[in-house]
$ cat final_8.csv   # CSV, C-alpha atoms
chain,number,residue,atom,x,y,z
A,1,MET,CA,-32.6,16.1,-11.2
A,2,ASN,CA,-33.7,12.6,-10.3
A,3,ILE,CA,-34.5,11.7,-6.7
A,4,ILE,CA,-31.3,10.6,-4.8
A,5,ARG,CA,-31.9,7.5,-2.7
A,6,ILE,CA,-30.2,7.9,0.7
A,7,ALA,CA,-29.7,5.6,3.7
A,8,ILE,CA,-28.6,6.8,7.1
A,9,CYS,CA,-27.2,4.2,9.4
A,10,ASP,CA,-26.4,5.3,13.0
A,11,ASP,CA,-27.5,3.8,16.3
A,12,GLU,CA,-28.1,7.3,17.8
A,13,VAL,CA,-31.6,8.6,16.8
A,14,ASN,CA,-30.5,12.2,17.4
A,15,ILE,CA,-27.7,11.8,14.9
A,16,ARG,CA,-30.0,10.2,12.3
A,17,ASN,CA,-32.5,13.1,12.8
A,18,TYR,CA,-29.7,15.7,12.5
A,19,LEU,CA,-28.3,14.2,9.3
A,20,SER,CA,-31.8,14.0,7.8
A,21,THR,CA,-32.4,17.6,8.6
A,22,LEU,CA,-29.1,18.6,7.0
A,23,ILE,CA,-30.0,16.6,3.9
A,24,ARG,CA,-33.4,18.3,3.5
A,25,ARG,CA,-31.7,21.7,3.8
A,26,GLN,CA,-29.7,21.1,0.6
A,27,ALA,CA,-32.7,21.6,-1.8
A,28,VAL,CA,-32.0,18.4,-3.6
A,29,PRO,CA,-34.9,15.9,-4.1
A,30,CYS,CA,-34.1,12.9,-1.9
A,31,ASP,CA,-35.7,9.8,-0.5
A,32,ILE,CA,-34.2,9.2,3.0
A,33,GLN,CA,-34.3,5.9,4.9
A,34,GLU,CA,-33.0,5.6,8.4
A,35,TYR,CA,-31.5,2.5,10.1
A,36,ALA,CA,-30.4,1.9,13.7
A,37,SER,CA,-28.1,-1.0,12.9
A,38,ALA,CA,-25.8,-2.4,10.2
A,39,ASP,CA,-27.8,-5.6,10.0
A,40,ALA,CA,-31.0,-3.8,9.4
A,41,LEU,CA,-29.5,-1.9,6.4
A,42,PHE,CA,-27.7,-4.9,5.0
A,43,SER,CA,-31.0,-6.9,4.9
A,44,GLU,CA,-32.4,-4.4,2.4
A,45,GLU,CA,-32.1,-4.7,-1.4
A,46,MET,CA,-29.4,-2.0,-1.3
A,47,ASN,CA,-30.8,0.1,-4.1
A,48,PHE,CA,-29.3,3.3,-2.6
A,49,ASP,CA,-27.3,6.0,-4.3
A,50,LEU,CA,-25.7,7.4,-1.1
A,51,LEU,CA,-25.0,5.9,2.3
A,52,PHE,CA,-24.2,7.8,5.5
A,53,LEU,CA,-22.6,5.2,7.8
A,54,ASP,CA,-21.5,5.5,11.4
A,55,ILE,CA,-18.2,3.7,11.7
A,56,GLU,CA,-18.6,2.4,15.2
A,57,LEU,CA,-22.4,1.8,15.5
A,58,GLY,CA,-22.3,1.3,19.3
A,59,GLY,CA,-18.9,-0.3,19.5
A,60,SER,CA,-15.4,-0.2,17.9
A,61,PRO,CA,-14.6,-1.9,14.6
A,62,ASP,CA,-13.0,-4.7,16.7
A,63,ALA,CA,-16.3,-5.6,18.3
A,64,ASP,CA,-18.2,-8.8,17.4
A,65,ARG,CA,-21.3,-7.0,16.1
A,66,MET,CA,-21.3,-5.6,12.6
A,67,ASP,CA,-20.0,-2.0,12.5
A,68,GLY,CA,-20.0,0.5,9.7
A,69,LEU,CA,-16.7,-0.6,8.3
A,70,SER,CA,-17.8,-4.3,8.2
A,71,LEU,CA,-21.0,-3.2,6.5
A,72,ALA,CA,-19.2,-1.2,3.9
A,73,ARG,CA,-16.9,-4.2,3.1
A,74,ARG,CA,-19.9,-6.4,2.7
A,75,ILE,CA,-21.6,-3.9,0.4
A,76,ARG,CA,-18.4,-3.6,-1.7
A,77,ASP,CA,-18.4,-7.5,-2.0
A,78,ARG,CA,-21.9,-7.4,-3.5
A,79,ASN,CA,-22.1,-7.4,-7.2
A,80,LEU,CA,-23.7,-3.9,-7.4
A,81,SER,CA,-23.5,-1.7,-10.5
A,82,PRO,CA,-23.2,1.1,-9.8
A,83,GLN,CA,-21.9,0.8,-6.2
A,84,PRO,CA,-23.4,3.4,-3.8
A,85,LEU,CA,-21.2,6.3,-2.6
A,86,ILE,CA,-20.3,5.9,1.1
A,87,ILE,CA,-19.8,8.8,3.5
A,88,PHE,CA,-18.6,7.7,6.9
A,89,VAL,CA,-19.7,9.7,10.0
A,90,THR,CA,-17.4,9.1,12.9
A,91,GLY,CA,-16.4,10.5,16.3
A,92,HIS,CA,-12.8,9.5,15.8
A,93,GLU,CA,-10.4,10.5,13.0
A,94,LYS,CA,-8.2,7.5,13.7
A,95,TYR,CA,-10.4,5.4,11.4
A,96,VAL,CA,-9.7,7.6,8.3
A,97,TYR,CA,-7.3,5.0,6.7
A,98,ASP,CA,-9.9,2.3,7.2
A,99,ALA,CA,-12.4,4.4,5.4
A,100,PHE,CA,-10.2,4.7,2.4
A,101,ASP,CA,-9.8,0.9,2.4
A,102,VAL,CA,-13.4,0.5,1.3
A,103,ASN,CA,-13.3,3.4,-1.2
A,104,ALA,CA,-15.3,5.8,0.9
A,105,PHE,CA,-16.3,9.0,-0.9
A,106,GLN,CA,-15.6,11.0,2.2
A,107,TYR,CA,-15.8,11.0,6.0
A,108,LEU,CA,-17.4,13.5,8.4
A,109,VAL,CA,-16.3,13.9,12.0
A,110,LYS,CA,-18.9,14.3,14.8
A,111,PRO,CA,-20.2,16.8,15.7
A,112,VAL,CA,-20.9,17.3,12.0
A,113,ASP,CA,-20.2,20.8,10.8
A,114,GLU,CA,-23.1,22.1,8.7
A,115,ARG,CA,-20.9,24.0,6.2
A,116,LYS,CA,-18.6,21.0,5.7
A,117,PHE,CA,-21.7,18.7,5.3
A,118,ALA,CA,-23.1,21.0,2.6
A,119,GLU,CA,-19.8,20.9,0.7
A,120,VAL,CA,-19.4,17.2,0.9
A,121,PHE,CA,-23.1,16.5,0.1
A,122,GLY,CA,-23.0,18.9,-2.9
A,123,ARG,CA,-20.1,17.0,-4.5
A,124,ALA,CA,-21.7,13.6,-3.8
A,125,ALA,CA,-25.0,14.8,-5.3
A,126,ALA,CA,-23.4,16.2,-8.4
A,127,GLN,CA,-21.5,13.0,-9.0
A,128,ILE,CA,-24.7,10.9,-8.6
A,129,SER,CA,-26.7,13.2,-10.8
A,130,ALA,CA,-24.1,12.9,-13.5
A,131,GLY,CA,-24.8,9.2,-13.5
A,132,VAL,CA,-21.3,8.3,-12.4
A,133,GLY,CA,-21.6,6.7,-8.9
A,134,GLN,CA,-19.1,4.0,-8.3
A,135,ASN,CA,-19.2,3.1,-12.0
A,136,LEU,CA,-17.5,0.0,-13.4
A,137,GLN,CA,-15.8,2.1,-16.1
A,138,LYS,CA,-14.6,4.9,-13.8
A,139,LEU,CA,-12.5,5.2,-10.7
A,140,VAL,CA,-13.3,7.9,-8.2
A,141,VAL,CA,-10.3,9.1,-6.2
A,142,GLN,CA,-10.0,11.6,-3.4
A,143,PHE,CA,-6.9,13.7,-3.0
A,144,GLY,CA,-6.1,17.3,-2.0
A,145,GLY,CA,-9.6,17.8,-0.6
A,146,THR,CA,-11.2,17.1,-4.0
A,147,SER,CA,-12.8,14.3,-5.9
A,148,ARG,CA,-11.7,13.3,-9.3
A,149,ILE,CA,-13.2,10.8,-11.8
A,150,ILE,CA,-10.7,8.9,-13.8
A,151,ALA,CA,-11.5,6.6,-16.7
A,152,ARG,CA,-10.1,3.2,-16.1
A,153,ASP,CA,-8.8,3.0,-19.7
A,154,SER,CA,-6.5,6.0,-19.0
A,155,ILE,CA,-4.7,4.1,-16.2
A,156,TYR,CA,-1.6,2.2,-17.4
A,157,TYR,CA,-0.8,0.6,-14.0
A,158,ILE,CA,-1.2,1.2,-10.2
A,159,GLU,CA,1.7,1.2,-7.8
A,160,SER,CA,1.5,0.7,-4.0
A,161,HIS,CA,3.3,3.3,-2.0
A,162,GLY,CA,2.8,3.0,1.7
A,163,HIS,CA,-0.8,3.9,2.5
A,164,LYS,CA,-1.2,5.4,-0.9
A,165,ALA,CA,-1.9,4.2,-4.5
A,166,VAL,CA,-0.1,5.8,-7.4
A,167,LEU,CA,-2.0,5.8,-10.6
A,168,HIS,CA,0.3,6.0,-13.6
A,169,LEU,CA,-1.6,7.7,-16.4
A,170,LYS,CA,-0.5,8.7,-19.9
A,171,GLU,CA,0.8,12.2,-19.0
A,172,GLU,CA,0.8,12.3,-15.2
A,173,THR,CA,0.6,10.3,-12.0
A,174,VAL,CA,-2.1,10.7,-9.3
A,175,GLU,CA,-1.4,9.7,-5.7
A,176,TYR,CA,-4.2,9.2,-3.1
A,177,TYR,CA,-5.0,7.1,-0.1
A,178,ALA,CA,-6.0,3.6,-1.1
A,179,LYS,CA,-4.8,0.0,-0.9
A,180,LEU,CA,-4.1,-2.4,-3.7
A,181,ARG,CA,-6.1,-5.2,-2.2
A,182,GLU,CA,-9.3,-3.1,-2.3
A,183,LEU,CA,-8.5,-1.8,-5.8
A,184,GLU,CA,-7.8,-5.3,-7.0
A,185,ARG,CA,-11.3,-6.3,-6.1
A,186,GLU,CA,-12.9,-3.2,-7.6
A,187,LEU,CA,-11.0,-3.3,-10.9
A,188,ALA,CA,-11.1,-7.1,-11.4
A,189,GLY,CA,-11.3,-8.2,-15.0
A,190,GLN,CA,-9.4,-5.3,-16.6
A,191,PHE,CA,-6.6,-5.1,-14.1
A,192,PHE,CA,-4.3,-7.8,-12.6
A,193,ARG,CA,-2.1,-7.7,-9.6
A,194,ILE,CA,1.3,-9.0,-10.8
A,195,HIS,CA,3.2,-8.2,-7.6
A,196,LYS,CA,2.5,-7.0,-4.1
A,197,GLY,CA,3.5,-3.5,-5.3
A,198,TYR,CA,2.0,-3.4,-8.8
A,199,MET,CA,-1.4,-3.9,-10.6
A,200,VAL,CA,-1.5,-3.5,-14.3
A,201,ASN,CA,-4.2,-2.6,-16.8
A,202,LEU,CA,-4.3,-5.6,-19.1
A,203,ALA,CA,-5.2,-3.4,-22.1
A,204,TRP,CA,-1.8,-1.7,-21.9
A,205,VAL,CA,0.5,-4.6,-21.6
A,206,GLU,CA,3.0,-4.5,-24.4
A,207,GLU,CA,5.0,-7.7,-23.7
A,208,TYR,CA,6.1,-9.8,-20.8
A,209,ASN,CA,8.3,-12.7,-19.6
A,210,ARG,CA,8.7,-14.6,-16.4
A,211,SER,CA,10.5,-11.8,-14.6
A,212,GLU,CA,8.8,-8.6,-15.8
A,213,VAL,CA,5.9,-7.0,-17.6
A,214,ILE,CA,6.6,-4.2,-20.0
A,215,MET,CA,3.8,-1.6,-20.4
A,216,ILE,CA,3.0,0.3,-23.5
A,217,ASN,CA,4.7,3.4,-22.1
A,218,GLY,CA,8.0,1.4,-21.7
A,219,ASP,CA,7.8,1.0,-17.9
A,220,LYS,CA,9.2,-2.4,-16.8
A,221,LEU,CA,7.4,-3.9,-13.8
A,222,LEU,CA,8.6,-6.8,-11.7
A,223,ILE,CA,6.2,-9.8,-11.8
A,224,SER,CA,6.1,-12.4,-9.0
A,225,LYS,CA,6.9,-15.9,-10.0
A,226,TYR,CA,3.8,-17.0,-8.1
A,227,LYS,CA,1.6,-14.7,-10.2
A,228,TYR,CA,3.0,-15.5,-13.6
A,229,ALA,CA,0.8,-18.4,-14.6
A,230,ASP,CA,-2.4,-16.7,-13.5
A,231,PHE,CA,-1.3,-13.5,-15.2
A,232,VAL,CA,-0.9,-15.3,-18.5
A,233,LYS,CA,-4.3,-16.8,-18.3
A,234,ALA,CA,-5.9,-13.5,-17.3
A,235,HIS,CA,-4.2,-11.6,-20.1
A,236,LEU,CA,-5.3,-14.1,-22.7
A,237,ARG,CA,-8.8,-14.1,-21.4
A,238,PHE,CA,-8.9,-10.3,-21.5
A,239,LEU,CA,-7.6,-10.3,-25.1
A,240,GLN,CA,-10.2,-12.8,-26.2
A,241,GLN,CA,-13.0,-10.8,-24.6
A,242,SER,CA,-11.8,-7.7,-26.3
A,243,LEU,CA,-12.0,-9.2,-29.8
$ encode --input "final_8.csv" --output "structure tokens"
Amino acid sequence: MNIIRIAICDDEVNIRNYLSTLIRRQAVPCDIQEYASADALFSEEMNFDLLFLDIELGGSPDADRMDGLSLARRIRDRNLSPQPLIIFVTGHEKYVYDAFDVNAFQYLVKPVDERKFAEVFGRAAAQISAGVGQNLQKLVVQFGGTSRIIARDSIYYIESHGHKAVLHLKEETVEYYAKLRELERELAGQFFRIHKGYMVNLAWVEEYNRSEVIMINGDKLLISKYKYADFVKAHLRFLQQSL
């Protein structure tokens, strides 16, 4: 197993020490770096496989200083391949939906339970060792207390349903907490958002007109008139790149 590069970012030194101790108990070769602020971590080259981020970092996500959520958003905006897995560590479960907005692998509530930590870390380490990470050709989803890796090519389209995203696959649908605006950024190039409620895989578009897009499975999806021109360009560009 290769060494897993890990960053711990928390403004409380006792929390950083505790997480480092828990990591070393997992019998997985790791290189651990500790940071007391989001700015200190963000200034690094960001060649980490796994990040443990405190959401608040000395204040709430509404404060002026950069908190864990702001840091995660900036990391996701970087052109990293693969993207690191992010595990949030928080004292408040109210931030769980925000964690899903940045495609967090999981979140742990303080005080961190050692057994829960071992279970979450084990899944993260297995995914990293398999060479998946936040890979450009895969989508990692969390639902029902489990992680699942889904090939992007297997997704026909994605539908927004409240706080959840519904992935329409060939023979099933998968529903989990995520928002289309975050998936739109992560899946750019192969997917296009045709409506506030739909994002389609350009590889599986069968035909379209100014009012709807028809997918290869026969599903007809409403397209916004404001999205039509850009959709046509994106679809043609995708087809040309696929030749």
$ closest_residue --input "final_8.csv" --among "A:Glu206, A:Asp153, A:Glu45, A:Asp54" --to "Lys220 (chain A)" --atoms "only C-alpha atoms"
A:Glu206
$ residues_around --input "final_8.csv" --residues "region 106-114 of chain A" --least-positions-apart "5" --cutoff "12 Å" --atoms "only C-alpha atoms" --output "MDAnalysis selection string"
chainID A and resid 10 12 14:16 18:23 25:26 50:56 68:69 85:101 119:124 140:143 145:147 177
$ write_last_selection --input "final_8.csv" --atoms "C-alpha atoms" --output "JSON list (two decimals), in the frame of the given file"
[["chain", "number", "residue", "atom", "x", "y", "z"],
["A", 10, "ASP", "CA", -26.40, 5.30, 13.00],
["A", 12, "GLU", "CA", -28.10, 7.30, 17.80],
["A", 14, "ASN", "CA", -30.50, 12.20, 17.40],
["A", 15, "ILE", "CA", -27.70, 11.80, 14.90],
["A", 16, "ARG", "CA", -30.00, 10.20, 12.30],
["A", 18, "TYR", "CA", -29.70, 15.70, 12.50],
["A", 19, "LEU", "CA", -28.30, 14.20, 9.30],
["A", 20, "SER", "CA", -31.80, 14.00, 7.80],
["A", 21, "THR", "CA", -32.40, 17.60, 8.60],
["A", 22, "LEU", "CA", -29.10, 18.60, 7.00],
["A", 23, "ILE", "CA", -30.00, 16.60, 3.90],
["A", 25, "ARG", "CA", -31.70, 21.70, 3.80],
["A", 26, "GLN", "CA", -29.70, 21.10, 0.60],
["A", 50, "LEU", "CA", -25.70, 7.40, -1.10],
["A", 51, "LEU", "CA", -25.00, 5.90, 2.30],
["A", 52, "PHE", "CA", -24.20, 7.80, 5.50],
["A", 53, "LEU", "CA", -22.60, 5.20, 7.80],
["A", 54, "ASP", "CA", -21.50, 5.50, 11.40],
["A", 55, "ILE", "CA", -18.20, 3.70, 11.70],
["A", 56, "GLU", "CA", -18.60, 2.40, 15.20],
["A", 68, "GLY", "CA", -20.00, 0.50, 9.70],
["A", 69, "LEU", "CA", -16.70, -0.60, 8.30],
["A", 85, "LEU", "CA", -21.20, 6.30, -2.60],
["A", 86, "ILE", "CA", -20.30, 5.90, 1.10],
["A", 87, "ILE", "CA", -19.80, 8.80, 3.50],
["A", 88, "PHE", "CA", -18.60, 7.70, 6.90],
["A", 89, "VAL", "CA", -19.70, 9.70, 10.00],
["A", 90, "THR", "CA", -17.40, 9.10, 12.90],
["A", 91, "GLY", "CA", -16.40, 10.50, 16.30],
["A", 92, "HIS", "CA", -12.80, 9.50, 15.80],
["A", 93, "GLU", "CA", -10.40, 10.50, 13.00],
["A", 94, "LYS", "CA", -8.20, 7.50, 13.70],
["A", 95, "TYR", "CA", -10.40, 5.40, 11.40],
["A", 96, "VAL", "CA", -9.70, 7.60, 8.30],
["A", 97, "TYR", "CA", -7.30, 5.00, 6.70],
["A", 98, "ASP", "CA", -9.90, 2.30, 7.20],
["A", 99, "ALA", "CA", -12.40, 4.40, 5.40],
["A", 100, "PHE", "CA", -10.20, 4.70, 2.40],
["A", 101, "ASP", "CA", -9.80, 0.90, 2.40],
["A", 119, "GLU", "CA", -19.80, 20.90, 0.70],
["A", 120, "VAL", "CA", -19.40, 17.20, 0.90],
["A", 121, "PHE", "CA", -23.10, 16.50, 0.10],
["A", 122, "GLY", "CA", -23.00, 18.90, -2.90],
["A", 123, "ARG", "CA", -20.10, 17.00, -4.50],
["A", 124, "ALA", "CA", -21.70, 13.60, -3.80],
["A", 140, "VAL", "CA", -13.30, 7.90, -8.20],
["A", 141, "VAL", "CA", -10.30, 9.10, -6.20],
["A", 142, "GLN", "CA", -10.00, 11.60, -3.40],
["A", 143, "PHE", "CA", -6.90, 13.70, -3.00],
["A", 145, "GLY", "CA", -9.60, 17.80, -0.60],
["A", 146, "THR", "CA", -11.20, 17.10, -4.00],
["A", 147, "SER", "CA", -12.80, 14.30, -5.90],
["A", 177, "TYR", "CA", -5.00, 7.10, -0.10]]
$ residues_around --input "final_8.csv" --residues "Phe42 (chain A)" --least-positions-apart "2" --cutoff "12 Å" --atoms "all atoms listed in the file" --output "ChimeraX atom specification"
/A:7-9,35-40,44-48,51,53,66-68,70-78
$ closest_residue --input "final_8.csv" --among "A:Tyr157, A:Asp230, A:Asn17, A:Ile6" --to "Ile214 (chain A)" --atoms "all atoms listed in the file"
A:Tyr157
$ closest_residue --input "final_8.csv" --among "A:Lys196, A:Leu183, A:Ala126, A:Tyr208" --to "Ser224 (chain A)" --atoms "all atoms listed in the file"
A:Lys196
$ atom_distance --input "final_8.csv" --atom1 "CA of Ala151 (chain A)" --atom2 "CA of Leu139 (chain A)"
6.2 Å
$ closest_residue --input "final_8.csv" --among "A:Leu236, A:Ala229, A:Val28, A:Val213" --to "Ile128 (chain A)" --atoms "only C-alpha atoms"
A:Val28
$ atom_distance --input "final_8.csv" --atom1 "CA of Glu172 (chain A)" --atom2 "CA of Lys138 (chain A)"
17.1 Å
$ residues_around --input "final_8.csv" --residues "Leu222 (chain A)" --least-positions-apart "3" --cutoff "7 Å" --atoms "only C-alpha atoms" --output "list in words"
His195, Ser211, Glu212 and Val213 of chain A
$ atom_distance --input "final_8.csv" --atom1 "CA of Ser154 (chain A)" --atom2 "CA of Glu207 (chain A)"
18.5 Å
$ closest_residue --input "final_8.csv" --among "A:Ile149, A:Met199, A:Ile194, A:Leu57" --to "Gln127 (chain A)" --atoms "only C-alpha atoms"
A:Ile149
$ closest_residue --input "final_8.csv" --among "A:Gln83, A:Asn209, A:Gln33, A:Ser129" --to "Asn103 (chain A)" --atoms "all atoms listed in the file"
A:Gln83
